[in-house]
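First the structure, in the form of structure tokens, and then the observations on it.
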Amino acid sequence: ASVDLRDGNQALADPMDMHRKQQMFDLLVATGFKDIEIGYPAASAHDFDFVRELVTKDGIPDDVTVSVFTPARPELIERTFDSIRGAERAVVHLCHATACLWREVVFGMSEREVVRMAVEGAQHLVRLAEREPGSDIRFEYSPETFNLTEPELALEIANRVAEVVAATAGRPLVLNLPTTVETHSPHVFADQVEWMHRNLD
């Protein structure tokens, strides 16, 4: 999978415009990528317009699945769904930070409030996807800063989101476990991922 087109939230001094995004998308398709995250539509007009253009001008090959990224805020989730309206299929990637420092300093929330943010965000995804009966919309979830989050909390949040979206083998939830800020050596992160794998519902 490629996330090269999701530059809308990366604070680039010179983010890609529509033409550059199209060139990158064409290159990724020609290279053989079948899963491409095409943007963060709520982050910028460029990202939103690029996603709309791919969808409305039939610019997505039949064998390619695109995904779009959104933070777990209702208005941003809605903007994201606006961008993919009419797509034959897409993955909506929900994300929010879960680690202690982010909970306390960025969000000013308790553990329970962050769990509720994940659940309510996932519920909003499901509601909006149900309004697009002609589209095959699947979901991805990232507990951002997973590697710095208490394992039991990360597990609880992941299980709750999977339950809300009714993940099944036929309609799986992509669970992304980000090492957002590198803080320890790779074997520690590998242990965290293995522990999640063994304990997920």
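Scheme for the structure tokens: letters A, B, ... for chains in order shown; per-chain residue numbers from 1; ligand numbers from 1 in order shown.
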Please tabulate, as a Markdown table, the residues of segment 92-123 of chain A that come within 10 Å of segment 176-192 of chain A, each with its closest pair of atoms and the distance in Å to one decimal, counting only C-alpha atoms and ordering rows by chain, then residue number upward.
```
| residue | atom | partner | partner_atom | distance |
| --- | --- | --- | --- | --- |
| A:His93 | CA | A:Asn176 | CA | 9.2 |
| A:Leu94 | CA | A:Asn176 | CA | 9.9 |
| A:Cys95 | CA | A:Asn176 | CA | 9.2 |
| A:Ala97 | CA | A:Thr180 | CA | 9.2 |
```
Keeping only N, CA, C and O atoms, write the selected residues to a file as a PDB file, in the first residue's frame.
```pdb
ATOM      1  N   HIS A  93     -10.113   5.722   6.316  1.00  0.00           N
ATOM      2  CA  HIS A  93      -9.097   5.472   7.338  1.00  0.00           C
ATOM      3  C   HIS A  93      -9.277   6.469   8.484  1.00  0.00           C
ATOM      4  O   HIS A  93      -8.981   7.650   8.351  1.00  0.00           O
ATOM      5  N   LEU A  94      -9.777   5.989   9.608  1.00  0.00           N
ATOM      6  CA  LEU A  94     -10.026   6.795  10.799  1.00  0.00           C
ATOM      7  C   LEU A  94      -8.810   6.759  11.711  1.00  0.00           C
ATOM      8  O   LEU A  94      -8.236   5.690  11.941  1.00  0.00           O
ATOM      9  N   CYS A  95      -8.442   7.922  12.257  1.00  0.00           N
ATOM     10  CA  CYS A  95      -7.224   7.978  13.077  1.00  0.00           C
ATOM     11  C   CYS A  95      -7.384   9.002  14.204  1.00  0.00           C
ATOM     12  O   CYS A  95      -8.036  10.030  14.034  1.00  0.00           O
ATOM     13  N   ALA A  97      -4.893  10.046  18.039  1.00  0.00           N
ATOM     14  CA  ALA A  97      -3.840   9.645  18.970  1.00  0.00           C
ATOM     15  C   ALA A  97      -4.445   9.030  20.228  1.00  0.00           C
ATOM     16  O   ALA A  97      -5.525   9.409  20.670  1.00  0.00           O
TER      17      ALA A  97
END
```
Would you kindly return, as a ChimeraX atom specification, each protein, DNA or RNA residue with an atom no farther than 12 Å from any atom of Glu163 of chain A, considering only C-alpha atoms and excluding same-chain residues fewer than 6 positions away?
/A:118-119,122-123,126,156-157,172-173,200-201
- Item | DSSP strand (DSSP E or B) residues within segment 73-116 of chain A, listed as a PyMOL selection string | chain A and resi 89-97
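Checking A:Val3, A:Ala99, A:Val91, A:Val105 one by one against Thr145 of chain A, counting only C-alpha atoms, you find the shortest gap at A:Ala99.
When only C-alpha atoms are used to measure the gap to Pro71 of chain A, the shortest distance among A:Met18, A:Leu148, A:Val92, A:Leu175 belongs to A:Val92.
Among the candidates A:Arg85, A:His46, A:Arg73, A:Lys34, the residue lying nearest to Ile60 of chain A is A:Lys34 (atoms considered: only C-alpha atoms).
Taking atom CA of Gly170 of chain A and atom CA of Arg79 of chain A as endpoints, the distance between them is 27.0 Å.
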Item to check | DSSP-assigned alpha helix (DSSP H) among segment 56-131 of chain A, expressed as number ranges by chain | outcome: A: 56, 74-84, 100-101, 111-130
File of the preceding selection, N, CA and C atoms, as a tab-separated table (two decimals), in the first residue's frame:
```tsv
chain	number	residue	atom	x	y	z
A	56	THR	N	-15.07	11.42	-9.77
A	56	THR	CA	-16.08	11.87	-10.73
A	56	THR	C	-15.66	11.68	-12.19
A	74	PRO	N	-16.22	14.65	13.85
A	74	PRO	CA	-17.39	14.49	12.98
A	74	PRO	C	-17.36	15.33	11.71
A	75	GLU	N	-16.99	16.60	11.83
A	75	GLU	CA	-17.01	17.46	10.65
A	75	GLU	C	-15.96	17.05	9.62
A	76	LEU	N	-14.84	16.50	10.09
A	76	LEU	CA	-13.80	16.05	9.16
A	76	LEU	C	-14.16	14.72	8.53
A	77	ILE	N	-14.83	13.86	9.30
A	77	ILE	CA	-15.32	12.60	8.74
A	77	ILE	C	-16.34	12.89	7.64
A	78	GLU	N	-17.24	13.84	7.89
A	78	GLU	CA	-18.26	14.19	6.90
A	78	GLU	C	-17.63	14.76	5.64
A	79	ARG	N	-16.64	15.62	5.79
A	79	ARG	CA	-15.94	16.20	4.63
A	79	ARG	C	-15.26	15.08	3.83
A	80	THR	N	-14.72	14.12	4.53
A	80	THR	CA	-14.05	12.99	3.87
A	80	THR	C	-15.04	12.18	3.05
A	81	PHE	N	-16.22	11.90	3.62
A	81	PHE	CA	-17.24	11.17	2.87
A	81	PHE	C	-17.75	11.98	1.68
A	82	ASP	N	-17.81	13.30	1.83
A	82	ASP	CA	-18.19	14.14	0.70
A	82	ASP	C	-17.22	13.93	-0.47
A	83	SER	N	-15.96	13.74	-0.15
A	83	SER	CA	-14.94	13.61	-1.21
A	83	SER	C	-15.07	12.32	-2.00
A	84	ILE	N	-15.56	11.25	-1.38
A	84	ILE	CA	-15.63	9.95	-2.07
A	84	ILE	C	-17.04	9.61	-2.55
A	100	CYS	N	-0.73	8.59	26.25
A	100	CYS	CA	-0.97	9.42	27.43
A	100	CYS	C	-0.67	10.91	27.18
A	101	LEU	N	0.49	11.22	26.63
A	101	LEU	CA	0.87	12.62	26.44
A	101	LEU	C	-0.13	13.33	25.52
A	111	GLU	N	-8.69	8.49	29.61
A	111	GLU	CA	-8.71	7.26	28.81
A	111	GLU	C	-10.11	6.96	28.31
A	112	ARG	N	-11.10	7.08	29.20
A	112	ARG	CA	-12.47	6.76	28.82
A	112	ARG	C	-12.98	7.68	27.71
A	113	GLU	N	-12.59	8.94	27.79
A	113	GLU	CA	-13.02	9.89	26.77
A	113	GLU	C	-12.38	9.59	25.42
A	114	VAL	N	-11.14	9.11	25.42
A	114	VAL	CA	-10.48	8.75	24.17
A	114	VAL	C	-11.10	7.49	23.58
A	115	VAL	N	-11.47	6.54	24.44
A	115	VAL	CA	-12.19	5.36	23.96
A	115	VAL	C	-13.51	5.80	23.32
A	116	ARG	N	-14.21	6.72	23.97
A	116	ARG	CA	-15.48	7.21	23.43
A	116	ARG	C	-15.26	7.92	22.09
A	117	MET	N	-14.17	8.66	21.95
A	117	MET	CA	-13.86	9.33	20.68
A	117	MET	C	-13.73	8.30	19.55
A	118	ALA	N	-13.05	7.19	19.84
A	118	ALA	CA	-12.88	6.14	18.83
A	118	ALA	C	-14.22	5.51	18.47
A	119	VAL	N	-15.01	5.19	19.48
A	119	VAL	CA	-16.30	4.53	19.24
A	119	VAL	C	-17.23	5.46	18.46
A	120	GLU	N	-17.33	6.71	18.88
A	120	GLU	CA	-18.22	7.65	18.19
A	120	GLU	C	-17.74	7.93	16.77
A	121	GLY	N	-16.43	7.99	16.57
A	121	GLY	CA	-15.90	8.16	15.22
A	121	GLY	C	-16.25	6.99	14.33
A	122	ALA	N	-16.11	5.78	14.87
A	122	ALA	CA	-16.44	4.57	14.10
A	122	ALA	C	-17.94	4.51	13.81
A	123	GLN	N	-18.76	4.89	14.78
A	123	GLN	CA	-20.21	4.91	14.55
A	123	GLN	C	-20.57	5.89	13.44
A	124	HIS	N	-19.89	7.02	13.42
A	124	HIS	CA	-20.15	8.01	12.37
A	124	HIS	C	-19.75	7.47	11.00
A	125	LEU	N	-18.63	6.75	10.94
A	125	LEU	CA	-18.23	6.11	9.68
A	125	LEU	C	-19.33	5.20	9.17
A	126	VAL	N	-19.84	4.36	10.05
A	126	VAL	CA	-20.86	3.38	9.66
A	126	VAL	C	-22.12	4.09	9.17
A	127	ARG	N	-22.56	5.11	9.90
A	127	ARG	CA	-23.77	5.85	9.49
A	127	ARG	C	-23.61	6.46	8.10
A	128	LEU	N	-22.47	7.09	7.85
A	128	LEU	CA	-22.26	7.74	6.56
A	128	LEU	C	-22.09	6.72	5.43
A	129	ALA	N	-21.44	5.60	5.73
A	129	ALA	CA	-21.28	4.56	4.71
A	129	ALA	C	-22.63	3.98	4.32
A	130	GLU	N	-23.54	3.87	5.28
A	130	GLU	CA	-24.87	3.33	4.98
A	130	GLU	C	-25.67	4.25	4.06
```
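If you look at atom CA of Asp62 of chain A and atom CA of Asp136 of chain A, they are 12.7 Å away from each other.
The spacing separating atom CA of Asn199 of chain A from atom CA of Val165 of chain A amounts to 18.7 Å.
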The residue from A:Phe33, A:Trp102, A:Phe50, A:Tyr40 with the smallest atom-to-atom distance to Asp17 of chain A, counting only C-alpha atoms, is A:Phe50
